[in-house]
Each structure stands twice: as structure tokens, then as C-alpha cells.
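protein-v5.txt, holding compact mmCIF, C-alpha atoms:
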```txt
# COMPACT_ATOMS: atom_id res chain seq x y z
CA MET Y 1 0.00 0.00 0.00
CA PRO Y 2 1.37 3.48 -0.78
CA THR Y 3 2.14 5.84 2.11
CA LEU Y 4 1.35 9.55 2.05
CA LEU Y 5 3.24 11.91 4.35
CA HIS Y 6 0.71 14.67 4.96
CA HIS Y 7 -0.71 17.24 7.35
CA PRO Y 8 -4.50 17.37 7.83
CA LEU Y 9 -4.70 21.11 7.15
CA ASP Y 10 -2.13 21.28 4.33
CA PRO Y 11 -4.17 21.95 1.17
CA SER Y 12 -1.82 20.07 -1.17
CA SER Y 13 -2.00 17.03 1.13
CA ARG Y 14 -5.81 17.31 1.06
CA LEU Y 15 -5.74 17.40 -2.73
CA ALA Y 16 -3.75 14.14 -2.82
CA ARG Y 17 -6.08 12.48 -0.28
CA LEU Y 18 -9.14 13.52 -2.32
CA MET Y 19 -7.60 11.93 -5.43
CA PHE Y 20 -6.88 8.64 -3.64
CA ALA Y 21 -10.39 8.57 -2.16
CA GLU Y 22 -12.03 9.39 -5.49
CA TYR Y 23 -10.10 6.56 -7.16
CA GLY Y 24 -10.90 4.16 -4.31
CA ILE Y 25 -7.21 3.48 -3.56
CA PRO Y 26 -6.33 2.73 0.09
CA VAL Y 27 -3.35 4.70 1.36
CA ASP Y 28 -1.45 4.79 4.65
CA LEU Y 29 -1.48 8.31 6.07
CA GLU Y 30 1.48 9.45 8.15
CA GLU Y 31 1.01 12.88 9.73
CA ILE Y 32 3.89 15.33 10.06
CA LYS Y 33 4.31 19.04 10.74
CA PRO Y 34 6.48 20.29 7.87
CA TRP Y 35 7.24 23.62 9.55
CA LEU Y 36 9.25 21.80 12.26
CA ARG Y 37 11.74 20.89 9.48
CA GLU Y 38 12.69 17.61 11.09
CA PRO Y 39 15.72 15.79 9.61
CA GLN Y 40 13.63 12.86 8.35
CA LEU Y 41 11.53 15.30 6.27
CA LEU Y 42 14.45 17.40 5.03
CA GLU Y 43 16.21 14.28 3.80
CA LEU Y 44 13.23 13.46 1.59
CA ASN Y 45 12.45 17.08 0.71
CA PRO Y 46 14.86 19.94 1.41
CA ALA Y 47 12.01 22.32 0.50
CA ALA Y 48 10.12 20.95 3.55
CA THR Y 49 6.79 20.86 1.71
CA LEU Y 50 4.05 18.24 1.59
CA PRO Y 51 2.67 15.87 0.39
CA ILE Y 52 5.22 13.11 -0.17
CA LEU Y 53 4.15 9.81 -1.68
CA LEU Y 54 6.20 6.75 -0.75
CA ASP Y 55 5.86 3.58 -2.73
CA THR Y 56 8.11 0.61 -2.11
CA LYS Y 57 8.75 -0.08 -5.78
CA ILE Y 58 9.35 3.49 -7.03
CA ALA Y 59 11.31 6.58 -5.99
CA PRO Y 60 9.29 9.00 -3.79
CA ALA Y 61 7.05 11.62 -5.39
CA VAL Y 62 7.72 14.90 -3.58
CA GLY Y 63 5.54 18.01 -3.60
CA CYS Y 64 2.17 18.92 -5.04
CA LEU Y 65 2.93 18.65 -8.77
CA ALA Y 66 4.90 15.38 -8.50
CA VAL Y 67 2.24 13.75 -6.32
CA VAL Y 68 -0.81 14.71 -8.40
CA HIS Y 69 0.90 13.48 -11.56
CA ALA Y 70 2.03 10.28 -9.82
CA ILE Y 71 -1.46 9.48 -8.49
CA GLU Y 72 -3.08 10.18 -11.85
CA GLU Y 73 -0.54 8.08 -13.76
CA ARG Y 74 -0.18 5.20 -11.33
CA PHE Y 75 -3.56 4.88 -9.61
CA ALA Y 76 -6.39 6.23 -11.82
CA PRO Y 77 -8.55 3.19 -12.65
CA ALA Y 78 -8.65 2.59 -16.41
CA ALA Y 79 -12.42 2.00 -16.30
CA ILE Y 80 -13.45 5.50 -15.19
CA ASP Y 81 -12.86 9.00 -16.49
CA GLY Y 82 -9.92 10.38 -14.56
CA LEU Y 83 -9.62 13.83 -13.02
CA PHE Y 84 -7.47 15.01 -15.96
CA PRO Y 85 -10.10 15.42 -18.74
CA ALA Y 86 -9.55 14.07 -22.24
CA ASP Y 87 -10.59 17.29 -24.01
CA ILE Y 88 -7.49 19.42 -24.60
CA GLY Y 89 -9.24 22.79 -24.24
CA LEU Y 90 -10.79 21.73 -20.94
CA ARG Y 91 -7.42 20.37 -19.79
CA SER Y 92 -5.78 23.77 -20.42
CA GLU Y 93 -8.54 25.49 -18.47
CA MET Y 94 -8.03 22.97 -15.65
CA TRP Y 95 -4.29 23.78 -15.43
CA ARG Y 96 -4.99 27.51 -15.52
CA LEU Y 97 -7.27 27.19 -12.51
CA ILE Y 98 -5.02 24.75 -10.65
CA GLU Y 99 -2.25 27.35 -11.02
CA TRP Y 100 -4.69 30.02 -9.80
CA VAL Y 101 -5.45 27.99 -6.68
CA ILE Y 102 -2.06 26.55 -5.76
CA PHE Y 103 -0.06 29.73 -6.57
CA LYS Y 104 -2.34 32.75 -6.31
CA LEU Y 105 -4.99 31.75 -3.78
CA ASN Y 106 -2.28 30.10 -1.67
CA ASP Y 107 0.04 33.10 -1.97
CA GLU Y 108 -2.65 35.67 -1.16
CA VAL Y 109 -4.82 33.80 1.36
CA THR Y 110 -4.20 30.22 2.52
CA ARG Y 111 -0.54 30.42 3.52
CA TYR Y 112 -1.16 33.50 5.69
CA VAL Y 113 -4.06 31.85 7.50
CA LEU Y 114 -2.06 28.66 8.12
CA GLU Y 115 0.99 30.61 9.28
CA GLU Y 116 -0.98 32.72 11.74
CA LYS Y 117 -3.45 30.15 13.05
CA ILE Y 118 -1.57 26.82 12.90
CA ILE Y 119 2.20 27.20 12.54
CA LYS Y 120 2.46 29.90 15.22
CA ARG Y 121 0.89 27.53 17.77
CA ASP Y 122 4.24 25.71 17.80
CA SER Y 123 6.27 28.88 18.46
CA ARG Y 124 6.33 29.77 22.11
CA GLY Y 125 4.90 33.25 22.66
CA ALA Y 126 3.83 33.80 19.06
CA THR Y 127 0.24 34.94 18.53
CA PRO Y 128 -1.79 35.44 15.35
CA GLU Y 129 -1.27 38.88 13.81
CA PRO Y 130 -4.73 40.46 13.25
CA ALA Y 131 -3.44 42.77 10.46
CA VAL Y 132 -2.19 39.79 8.43
CA LEU Y 133 -5.46 37.91 8.91
CA ARG Y 134 -7.40 41.01 7.80
CA VAL Y 135 -5.39 41.18 4.55
CA ALA Y 136 -5.99 37.47 3.94
CA LYS Y 137 -9.72 37.99 4.50
CA THR Y 138 -9.89 40.90 2.05
CA ASN Y 139 -7.96 38.89 -0.54
CA LEU Y 140 -10.22 35.87 -0.03
CA HIS Y 141 -13.26 38.06 -0.69
CA GLU Y 142 -11.82 39.03 -4.10
CA HIS Y 143 -11.10 35.40 -4.93
CA MET Y 144 -14.65 34.37 -3.96
CA LEU Y 145 -16.09 37.02 -6.28
CA TYR Y 146 -14.06 35.54 -9.14
CA PHE Y 147 -15.13 31.97 -8.33
CA ASN Y 148 -18.79 33.10 -8.09
CA TRP Y 149 -18.43 34.69 -11.52
CA LEU Y 150 -17.05 31.44 -12.97
CA PHE Y 151 -19.68 29.23 -11.28
CA ALA Y 152 -22.46 31.45 -12.62
CA THR Y 153 -21.64 30.16 -16.11
CA ARG Y 154 -20.39 26.60 -15.57
CA PRO Y 155 -21.21 23.73 -13.18
CA TRP Y 156 -17.57 22.89 -12.37
CA LEU Y 157 -14.53 25.10 -11.95
CA ALA Y 158 -12.97 24.43 -15.36
CA GLY Y 159 -16.19 23.75 -17.33
CA ASP Y 160 -18.83 21.07 -17.83
CA THR Y 161 -16.89 18.27 -16.15
CA MET Y 162 -15.46 17.85 -12.68
CA THR Y 163 -11.64 17.95 -12.88
CA LEU Y 164 -8.62 18.12 -10.63
CA ALA Y 165 -9.12 21.91 -10.49
CA ASP Y 166 -12.31 21.35 -8.45
CA PHE Y 167 -10.39 19.18 -5.99
CA ALA Y 168 -7.61 21.79 -5.74
CA LEU Y 169 -10.10 24.54 -4.87
CA ALA Y 170 -12.05 22.26 -2.52
CA ALA Y 171 -8.79 21.37 -0.74
CA HIS Y 172 -8.00 25.05 -0.06
CA LEU Y 173 -11.54 26.13 0.81
CA SER Y 174 -12.03 23.15 3.16
CA THR Y 175 -8.85 24.10 5.05
CA LEU Y 176 -10.10 27.68 5.35
CA ASP Y 177 -13.55 26.38 6.36
CA TYR Y 178 -12.05 24.19 9.10
CA LEU Y 179 -10.51 27.35 10.56
CA GLY Y 180 -13.77 29.32 10.26
CA ASP Y 181 -12.52 31.69 7.56
CA ILE Y 182 -15.30 31.26 5.02
CA ASP Y 183 -18.44 33.37 5.20
CA TRP Y 184 -20.83 30.90 3.55
CA GLY Y 185 -23.75 33.29 3.96
CA ASN Y 186 -22.16 35.49 1.29
CA ALA Y 187 -20.53 32.79 -0.82
CA GLY Y 188 -23.12 32.81 -3.63
CA GLU Y 189 -22.60 30.29 -6.44
CA THR Y 190 -19.43 28.97 -4.78
CA ARG Y 191 -21.54 27.72 -1.88
CA ASP Y 192 -23.72 25.66 -4.25
CA TRP Y 193 -20.63 24.16 -5.87
CA TYR Y 194 -19.03 23.44 -2.47
CA SER Y 195 -22.22 21.75 -1.27
CA ARG Y 196 -22.12 19.45 -4.29
CA ILE Y 197 -18.44 18.52 -3.95
CA LYS Y 198 -18.68 18.17 -0.16
CA SER Y 199 -21.40 15.52 -0.61
CA ARG Y 200 -19.14 13.23 -2.63
CA PRO Y 201 -18.02 10.05 -0.85
CA ALA Y 202 -14.38 11.05 -1.50
CA PHE Y 203 -14.83 14.07 0.77
CA ARG Y 204 -15.71 12.06 3.89
CA THR Y 205 -12.10 11.45 4.84
CA LEU Y 206 -11.50 15.21 5.09
CA LEU Y 207 -14.65 15.87 7.11
CA ASN Y 208 -13.45 13.48 9.83
CA ASP Y 209 -10.16 15.37 10.30
CA ARG Y 210 -9.49 16.73 13.76
CA VAL Y 211 -6.41 18.73 14.71
CA VAL Y 212 -5.32 18.44 18.35
CA ALA Y 213 -6.70 21.28 20.51
CA MET Y 214 -8.16 22.97 17.42
CA PRO Y 215 -11.64 21.56 16.69
CA PRO Y 216 -13.19 22.45 13.35
CA HIS Y 217 -15.41 25.49 12.98
CA LYS Y 218 -19.16 24.90 13.33
CA GLY Y 219 -20.67 23.44 10.17
CA TYR Y 220 -17.33 22.15 8.83
CA ALA Y 221 -18.50 18.53 8.68
CA ASP Y 222 -22.21 19.21 7.96
CA LEU Y 223 -23.44 18.52 4.46
CA ASP Y 224 -26.17 21.08 5.14
CA PHE Y 225 -23.97 23.98 6.28
CA MET M 1 1.15 29.14 -36.51
CA PRO M 2 0.56 29.38 -32.73
CA THR M 3 1.02 32.77 -31.03
CA LEU M 4 2.70 33.17 -27.65
CA LEU M 5 1.99 36.26 -25.56
CA HIS M 6 5.21 36.70 -23.60
CA HIS M 7 7.69 39.07 -22.00
CA PRO M 8 11.41 38.57 -22.77
CA LEU M 9 12.41 38.53 -19.09
CA ASP M 10 9.45 36.56 -17.75
CA PRO M 11 10.89 33.15 -16.78
CA SER M 12 7.70 31.19 -17.54
CA SER M 13 7.57 32.78 -21.00
CA ARG M 14 11.23 31.79 -21.49
CA LEU M 15 10.41 28.22 -20.51
CA ALA M 16 7.68 28.06 -23.17
CA ARG M 17 9.98 29.58 -25.82
CA LEU M 18 12.71 27.04 -24.99
CA MET M 19 10.22 24.19 -25.45
CA PHE M 20 9.06 25.49 -28.85
CA ALA M 21 12.68 25.99 -29.98
CA GLU M 22 13.74 22.53 -28.75
CA TYR M 23 10.86 20.94 -30.65
CA GLY M 24 11.56 23.00 -33.78
CA ILE M 25 8.08 24.54 -33.83
CA PRO M 26 7.82 28.11 -35.22
CA VAL M 27 5.77 30.44 -33.04
CA ASP M 28 4.68 34.06 -33.35
CA LEU M 29 5.88 36.03 -30.34
CA GLU M 30 3.82 38.98 -29.14
CA GLU M 31 5.45 40.97 -26.35
CA ILE M 32 3.42 42.47 -23.52
CA LYS M 33 4.11 43.87 -20.06
CA PRO M 34 1.78 41.93 -17.75
CA TRP M 35 2.26 44.34 -14.84
CA LEU M 36 0.46 47.10 -16.78
CA ARG M 37 -2.69 44.92 -16.49
CA GLU M 38 -4.11 46.11 -19.81
CA PRO M 39 -7.74 45.15 -20.57
CA GLN M 40 -6.75 42.91 -23.49
CA LEU M 41 -4.57 40.82 -21.10
CA LEU M 42 -7.07 40.76 -18.21
CA GLU M 43 -9.77 39.50 -20.54
CA LEU M 44 -7.62 36.48 -21.39
CA ASN M 45 -6.15 36.09 -17.91
CA PRO M 46 -7.55 37.88 -14.84
CA ALA M 47 -4.43 36.71 -12.96
CA ALA M 48 -2.36 38.89 -15.36
CA THR M 49 0.37 36.27 -15.70
CA LEU M 50 2.26 34.99 -18.73
CA PRO M 51 2.71 33.06 -20.97
CA ILE M 52 -0.51 32.70 -22.95
CA LEU M 53 -0.65 30.38 -25.95
CA LEU M 54 -3.17 31.26 -28.66
CA ASP M 55 -4.07 28.73 -31.27
CA THR M 56 -6.83 29.37 -33.81
CA LYS M 57 -8.34 25.90 -33.46
CA ILE M 58 -8.28 25.50 -29.66
CA ALA M 59 -9.13 27.54 -26.54
CA PRO M 60 -6.15 29.54 -25.17
CA ALA M 61 -3.70 27.94 -22.75
CA VAL M 62 -3.12 30.41 -19.94
CA GLY M 63 -0.27 30.39 -17.42
CA CYS M 64 2.85 28.32 -16.90
CA LEU M 65 1.29 24.92 -16.12
CA ALA M 66 -1.34 25.09 -18.89
CA VAL M 67 1.20 26.19 -21.50
CA VAL M 68 3.90 23.61 -20.73
CA HIS M 69 1.32 20.82 -20.79
CA ALA M 70 -0.21 22.18 -24.02
CA ILE M 71 3.16 22.42 -25.80
CA GLU M 72 4.19 18.92 -24.68
CA GLU M 73 0.86 17.38 -25.70
CA ARG M 74 0.28 19.25 -28.95
CA PHE M 75 3.74 19.97 -30.33
CA ALA M 76 6.30 17.40 -29.11
CA PRO M 77 7.40 15.52 -32.25
CA ALA M 78 6.58 11.82 -31.96
CA ALA M 79 10.01 10.88 -33.34
CA ILE M 80 12.10 12.28 -30.47
CA ASP M 81 12.17 11.83 -26.72
CA GLY M 82 10.12 14.66 -25.26
CA LEU M 83 11.05 16.80 -22.28
CA PHE M 84 8.71 14.77 -20.03
CA PRO M 85 10.72 11.56 -19.53
CA ALA M 86 9.15 8.11 -19.88
CA ASP M 87 10.59 6.75 -16.63
CA ILE M 88 8.09 7.36 -13.81
CA GLY M 89 10.67 7.87 -11.07
CA LEU M 90 12.53 10.42 -13.17
CA ARG M 91 9.25 12.12 -14.03
CA SER M 92 8.43 12.55 -10.32
CA GLU M 93 11.89 14.02 -9.70
CA MET M 94 11.33 16.38 -12.65
CA TRP M 95 8.04 17.67 -11.18
CA ARG M 96 9.65 18.07 -7.75
CA LEU M 97 12.33 20.31 -9.24
CA ILE M 98 9.96 22.21 -11.52
CA GLU M 99 7.93 23.02 -8.41
CA TRP M 100 11.15 24.05 -6.64
CA VAL M 101 12.02 26.45 -9.46
CA ILE M 102 8.63 27.94 -10.36
CA PHE M 103 7.37 28.24 -6.74
CA LYS M 104 10.35 28.45 -4.40
CA LEU M 105 13.12 30.01 -6.48
CA ASN M 106 10.58 32.40 -7.99
CA ASP M 107 9.10 33.26 -4.60
CA GLU M 108 12.46 33.82 -2.90
CA VAL M 109 14.54 35.32 -5.71
CA THR M 110 13.29 35.93 -9.26
CA ARG M 111 10.09 37.84 -8.56
CA TYR M 112 11.91 40.30 -6.27
CA VAL M 113 14.60 40.98 -8.86
CA LEU M 114 12.03 41.51 -11.62
CA GLU M 115 9.88 43.74 -9.42
CA GLU M 116 12.79 45.96 -8.39
CA LYS M 117 14.74 46.10 -11.66
CA ILE M 118 12.09 45.84 -14.39
CA ILE M 119 8.55 46.54 -13.17
CA LYS M 120 9.55 49.64 -11.19
CA ARG M 121 10.96 51.23 -14.36
CA ASP M 122 7.33 51.77 -15.42
CA SER M 123 6.35 53.53 -12.15
CA ARG M 124 7.31 57.19 -12.17
CA GLY M 125 9.64 57.96 -9.27
CA ALA M 126 10.05 54.34 -8.11
CA THR M 127 13.61 53.13 -7.65
CA PRO M 128 14.99 49.69 -6.81
CA GLU M 129 15.06 48.98 -3.09
CA PRO M 130 18.61 47.85 -2.15
CA ALA M 131 17.42 45.95 0.96
CA VAL M 132 15.06 43.80 -1.13
CA LEU M 133 17.77 43.08 -3.70
CA ARG M 134 20.15 42.07 -0.90
CA VAL M 135 17.64 39.54 0.45
CA ALA M 136 17.12 38.13 -3.06
CA LYS M 137 20.90 37.81 -3.47
CA THR M 138 21.29 35.96 -0.15
CA ASN M 139 18.44 33.63 -1.07
CA LEU M 140 19.90 33.00 -4.52
CA HIS M 141 23.20 31.98 -2.91
CA GLU M 142 21.39 29.29 -0.89
CA HIS M 143 19.60 28.00 -3.99
CA MET M 144 22.89 27.84 -5.92
CA LEU M 145 24.45 25.75 -3.14
CA TYR M 146 21.58 23.27 -3.48
CA PHE M 147 21.84 23.13 -7.27
CA ASN M 148 25.63 22.62 -7.01
CA TRP M 149 25.00 19.76 -4.62
CA LEU M 150 22.58 18.15 -7.08
CA PHE M 151 24.83 18.68 -10.10
CA ALA M 152 27.76 17.10 -8.26
CA THR M 153 25.94 13.76 -8.51
CA ARG M 154 23.97 13.96 -11.76
CA PRO M 155 24.48 15.50 -15.22
CA TRP M 156 21.00 17.04 -15.47
CA LEU M 157 18.78 18.62 -12.85
CA ALA M 158 16.44 15.64 -12.36
CA GLY M 159 18.90 12.85 -13.21
CA ASP M 160 20.62 11.22 -16.18
CA THR M 161 18.41 12.79 -18.83
CA MET M 162 17.66 16.39 -19.74
CA THR M 163 14.04 17.19 -18.82
CA LEU M 164 11.69 20.12 -18.56
CA ALA M 165 13.16 20.80 -15.10
CA ASP M 166 16.45 21.83 -16.77
CA PHE M 167 14.58 24.26 -19.00
CA ALA M 168 12.67 25.68 -16.02
CA LEU M 169 15.89 26.36 -14.12
CA ALA M 170 17.64 27.69 -17.24
CA ALA M 171 14.71 30.05 -17.83
CA HIS M 172 15.03 31.56 -14.34
CA LEU M 173 18.84 31.69 -14.24
CA SER M 174 19.02 33.26 -17.72
CA THR M 175 16.64 36.04 -16.62
CA LEU M 176 18.80 36.65 -13.54
CA ASP M 177 21.94 36.50 -15.71
CA TYR M 178 20.53 39.08 -18.15
CA LEU M 179 20.18 41.44 -15.17
CA GLY M 180 23.69 40.68 -13.89
CA ASP M 181 22.56 38.85 -10.75
CA ILE M 182 24.56 35.65 -11.13
CA ASP M 183 28.10 35.39 -9.82
CA TRP M 184 29.39 32.79 -12.27
CA GLY M 185 32.84 32.87 -10.68
CA ASN M 186 31.36 31.13 -7.63
CA ALA M 187 28.71 29.06 -9.39
CA GLY M 188 30.56 25.72 -9.23
CA GLU M 189 28.85 22.74 -10.86
CA THR M 190 25.86 24.87 -11.84
CA ARG M 191 28.15 26.86 -14.15
CA ASP M 192 29.18 23.69 -16.02
CA TRP M 193 25.55 22.65 -16.41
CA TYR M 194 24.55 26.18 -17.57
CA SER M 195 27.39 26.20 -20.10
CA ARG M 196 26.07 22.94 -21.57
CA ILE M 197 22.44 24.02 -21.77
CA LYS M 198 23.34 27.51 -23.04
CA SER M 199 25.14 25.90 -26.00
CA ARG M 200 22.00 24.14 -27.23
CA PRO M 201 20.51 25.55 -30.44
CA ALA M 202 17.20 26.04 -28.60
CA PHE M 203 18.87 28.63 -26.36
CA ARG M 204 19.82 31.02 -29.19
CA THR M 205 16.44 32.72 -29.25
CA LEU M 206 16.89 33.79 -25.61
CA LEU M 207 20.46 35.03 -26.11
CA ASN M 208 19.28 37.48 -28.78
CA ASP M 209 16.75 39.12 -26.42
CA ARG M 210 17.17 42.82 -25.82
CA VAL M 211 14.97 44.87 -23.50
CA VAL M 212 14.63 48.57 -24.41
CA ALA M 213 17.10 50.78 -22.49
CA MET M 214 18.26 47.77 -20.46
CA PRO M 215 21.04 45.93 -22.34
CA PRO M 216 22.04 42.51 -21.01
CA HIS M 217 24.83 42.13 -18.51
CA LYS M 218 28.32 41.41 -19.92
CA GLY M 219 28.71 37.76 -20.86
CA TYR M 220 24.94 37.12 -21.10
CA ALA M 221 25.11 36.03 -24.75
CA ASP M 222 28.63 34.52 -24.68
CA LEU M 223 28.90 30.75 -24.75
CA ASP M 224 32.29 31.18 -23.06
CA PHE M 225 31.18 33.32 -20.10
```
Could you spell out this file's structure in C-alpha cells?
Amino acid sequence: MPTLLHHPLDPSSRLARLMFAEYGIPVDLEEIKPWLREPQLLELNPAATLPILLDTKIAPAVGCLAVVHAIEERFAPAAIDGLFPADIGLRSEMWRLIEWVIFKLNDEVTRYVLEEKIIKRDSRGATPEPAVLRVAKTNLHEHMLYFNWLFATRPWLAGDTMTLADFALAAHLSTLDYLGDIDWGNAGETRDWYSRIKSRPAFRTLLNDRVVAMPPHKGYADLDF
Amino acid sequence: MPTLLHHPLDPSSRLARLMFAEYGIPVDLEEIKPWLREPQLLELNPAATLPILLDTKIAPAVGCLAVVHAIEERFAPAAIDGLFPADIGLRSEMWRLIEWVIFKLNDEVTRYVLEEKIIKRDSRGATPEPAVLRVAKTNLHEHMLYFNWLFATRPWLAGDTMTLADFALAAHLSTLDYLGDIDWGNAGETRDWYSRIKSRPAFRTLLNDRVVAMPPHKGYADLDF
């Protein structure tokens, strides 16, 4: 069985777990805190990022791009449509939006929230910086307006079919939702989309996540949120 | 013929141009400055990033990930080994290092240098901030130590074969070299690797680049630098 080194609130780890669950592939999860930069992690990945996929027969796949390609190539069942669509125009749109989520949304929102609310818990005396969280919130609002605009014209993030881009966005939004940073009352079309993707069997694994001494925000695990 | 919207010093645009040149595919280059956020760019890409690949028959490919996948899938000649290697372990290592370059090296070095030296030229009264450039220089030194360590044990960035990861790193280092930010005298094994990749016919297009009122640093276009 493959092993995934992950953290429950790391969005790229969540993306990998969603792929495994969607494809019905069992995986051993081993939780680590990448920000502690422990030697065993740095040896596998000097960039100290997650996820890392270990497979006895093959060299490790390290980082978001390596892991999503490895799962798609090694574990997508031949009998079903994979998360990388066959249509080349749709595939380009999927990569555009994956880049939007894993670079831009991460750079402007998710990494600030994780730094302030999760990573700082392991630094003695460090407390979340309200000014940083306010900037992240303002940026998130702009992103949500863009996603609402997209979802007003298409059922899934990249078009007519669910793709890996939907899982990438769901991974980030579910992390932010765990921490109570999403205002679903004003989330418009994105709320409808999230409700649909949250109801998928693949999502259950994420909804059971619990971080020590940091329970999820109210409604996180409810399908009717 | 496909059209590439690019900027000569944008590393992701350089990566796309290297791929086209390596595969021997002619492409129309249309230069834009993404930081001016002109309506014609924002309509194609609200993230205002480059490159953008336009093809009359297919929807545009927008951003680094969409464009490299589109070029590989649509334009790699069947007769030659492409830049995405067949071996799955090597392919994972390629994606790990592409992510290193386009996320980490960009985030810690390249984007600061471009912001201070290029983008600020278009803001009246803005001048490069020496403290920011010093941080970028210190960070670049750390990255070069890591690349030297890798190149001490393997001929190409991801292993025994040249892959897209080599082009990604060459795209970033050649932008930094144009601006005079690489100390080749202390670049160790990375200098030998750069000398080899710079000598490839595909690299010629980049060596002829000239940005208005900003000539390249001495040695930029010399194969014996």
C-alpha cells in the first residue's frame, strides 16, 4: 500500500487524499508538521513541503505537482474517467485554474491563514497577527467574487466536467472552512458548488479530520452547512 | 502558426519559448508587459500572468502549467524523446524540481529581482530597493548551493536525462543572468551545467533578447562566459 506523508490542514495534502479517495485506492497516512523541518523530512524534501508519496517499488514523489501526476498516472482506474479530462481545451482550463489555486490563492490567502493560526501555535509566545489575517480575508473576498463569476456560467470550476481543479479549490476552501474563515452566507454560487463537492463520498475522509486542541469550525463537517 | 503572448524577461515565458525551440516549432511572439494589467490581457487572464498560448483551433492555454502541458501534448514531435521523460521515477523528480524552481526560487529570488529592476521602471519615481535586492541575493546563494549539490551527482537537474526541469531552471537563471545577478565565478557545478544548456541551439532565441534601455549584462550572450 502506498504511504502519504501529509498534514490534515495542508491543502496540497488534502488534494492528494481527495484523489486517492475518489479513485478508491487505500493509502497509509502518516502525519507530520512540515514547519518543524525535522531531519527525516528534510532528507526526503529539502524544501520541507508536503505531500510526499512513498511507494516501495518506485522513488518517492515529492511536492504537489509530482504527487498529483504520480497518483493520476499510477492509480487512476482505467475503467473510469480520470480527473485530468480528455478534451485538450478543458485540460488547459483545468491547469490555468489549478495554477490560480495553488499559486495565487495560496500566496494571497491560505498560507497567511495557516501561518498565523496553525504554525504559530508551535512557536512559544507567538500569537496570530490580526493585520495579516485582515489582509488574507480581504484577498479571499476578491477570490470568492471571481469563483462566483465562474460558477455562474459553468457547473464545475474548469467547465462542464469535474476535474482536478475542483479538488484543488475544494482542498483550499475546506482548510479555510475548518478554521472558520469562510463566510458561507455570502458565498453565492461557490456555496452551491461546495455543497455538491462536499457531498461526494471522497470528501468524507477530510470531514473526519481533527487537529489536536483545534476543533473544526461549526458546520465544517455538515453537508447542510 | 501558434502565437505566444510573452515578456522577454518573464521566466515562464522563457520556458515556453525554450520548449518550442527545442521541438523545432515556429511560433509568433507577441510581447506584452503583464504588470500594466491592460484590458486585453485581463480579458484572457484575470491573474495577469504569462505566458498565454493562442491557437486558432483551440481555446487559449493560460499560465505556466497550462502552456507547458499544451506544448508537450500538442507539439512534441513523436520521433524524439520529449522533455517529459518516460521513466516514472525520473518524471516525479522532474516535477519536484519544476515546483522548486517555479514556486520556491521564484518566490524567494526571481520575482523580487524583476519587481525591483524591471517593473519599477514603469512607475514614475520608483527606484529599486537595495534591501530587497540584498535579500534576493542571499536567497539565490542558498539556492545555488543546493543546485551545485545536485549537479555534483547527476548531469542534469532531475537525473541522467535532460528534462523540462532543466529548461525551467535555465529560464530563471538566464533572466537573472541578463540582469547581472549571477556570480558565475562562484557558481561551481551549476556553471558547467549552464554552459552545456546555453550551447544548445534552442537557447539562441533567448540570447538574442534585448529589453529597451536595459542591455544585457556582460557575458549574457557569450557561450564562453
Practice prompt. Would you kindly report the residues of chain Y within 7 Å of chain M, using all atoms listed in the file, as JSON, numbers by chain?
Written response: {"Y": [58, 59, 61, 62, 63, 65, 66, 70, 89, 92, 93, 95, 96, 99]}
Worksheet item: Looking at M:Asp177, M:Glu142, M:Asp81, M:Glu22, which one is nearest to Val113 in chain M, with distances taken over only C-alpha atoms?
Response: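 Of the candidates, the smallest distance to Val113 in chain M is held by M:Asp177.
Distance-wise, CA of Thr153 in chain Y and CA of Lys137 in chain Y end up 25.1 Å apart.
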Item to complete: State, in Å with one decimal place, the distance from CA of Phe151 in chain Y to CA of Trp193 in chain Y.
Response: 7.5 Å
Worksheet item: Residues at most 12 Å from Lys33 in chain Y, counting all atoms listed in the file, excluding those fewer than 3 positions away in the same chain, as a PyMOL selection string?
Response: chain Y and resi 5-10+13+30+36-42+48-51+114+118-122+211
Practice prompt. Select, from Y:Glu189, Y:Asp181, Y:Asp28, Y:Asp87, the residue with the minimum atom-to-atom distance to Arg134 in chain Y, counting all atoms listed in the file.
Written response: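 Among the listed residues, the smallest separation from Arg134 in chain Y belongs to Y:Asp181.
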Worksheet item: Which distance in Å separates CA of Thr163 in chain M and CA of Phe84 in chain Y, to one decimal?
Response: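 If I compute the distance from CA of Thr163 in chain M to CA of Phe84 in chain Y, I get 21.8 Å.
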Could you work out an axis-aligned bounding box for all listed atoms of range 117-131 of chain M, with 4 Å added on each of the six sides, and give its centre and edge lengths in Å to one decimal, as AutoDock Vina command-line options?
```
--center_x 12.5 --center_y 51.9 --center_z -7.2 --size_x 20.3 --size_y 20.1 --size_z 24.4
```
Item to complete: Rank Y:Ile52, Y:Ala86, Y:Arg191, Y:Glu116 by their smallest atom-to-atom distance to Leu145 in chain Y, using all atoms listed in the file, and report the top residue only.
Response: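 Ranking Y:Ile52, Y:Ala86, Y:Arg191, Y:Glu116 by distance to Leu145 in chain Y, first place goes to Y:Arg191.
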Worksheet item: Counting all atoms listed in the file, what is within 8 Å of Thr161 in chain M, bar same-chain residues fewer than 4 positions away, as a PyMOL selection string?
Response: chain M and resi 85+155-156
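Residue nearest Leu206 in chain Y, chosen from Y:Ser12, Y:Ile182, Y:Ser174, Y:Asn148 and counting only C-alpha atoms: Y:Ser174.
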Discussion item. Set the distance at 6 Å and use all atoms listed in the file: which residues neighbour Thr3 in chain M once local chain neighbours fewer than 5 positions away are removed? I'd like the list as a ChimeraX atom specification.
Written reply: /M:27-29,53-54
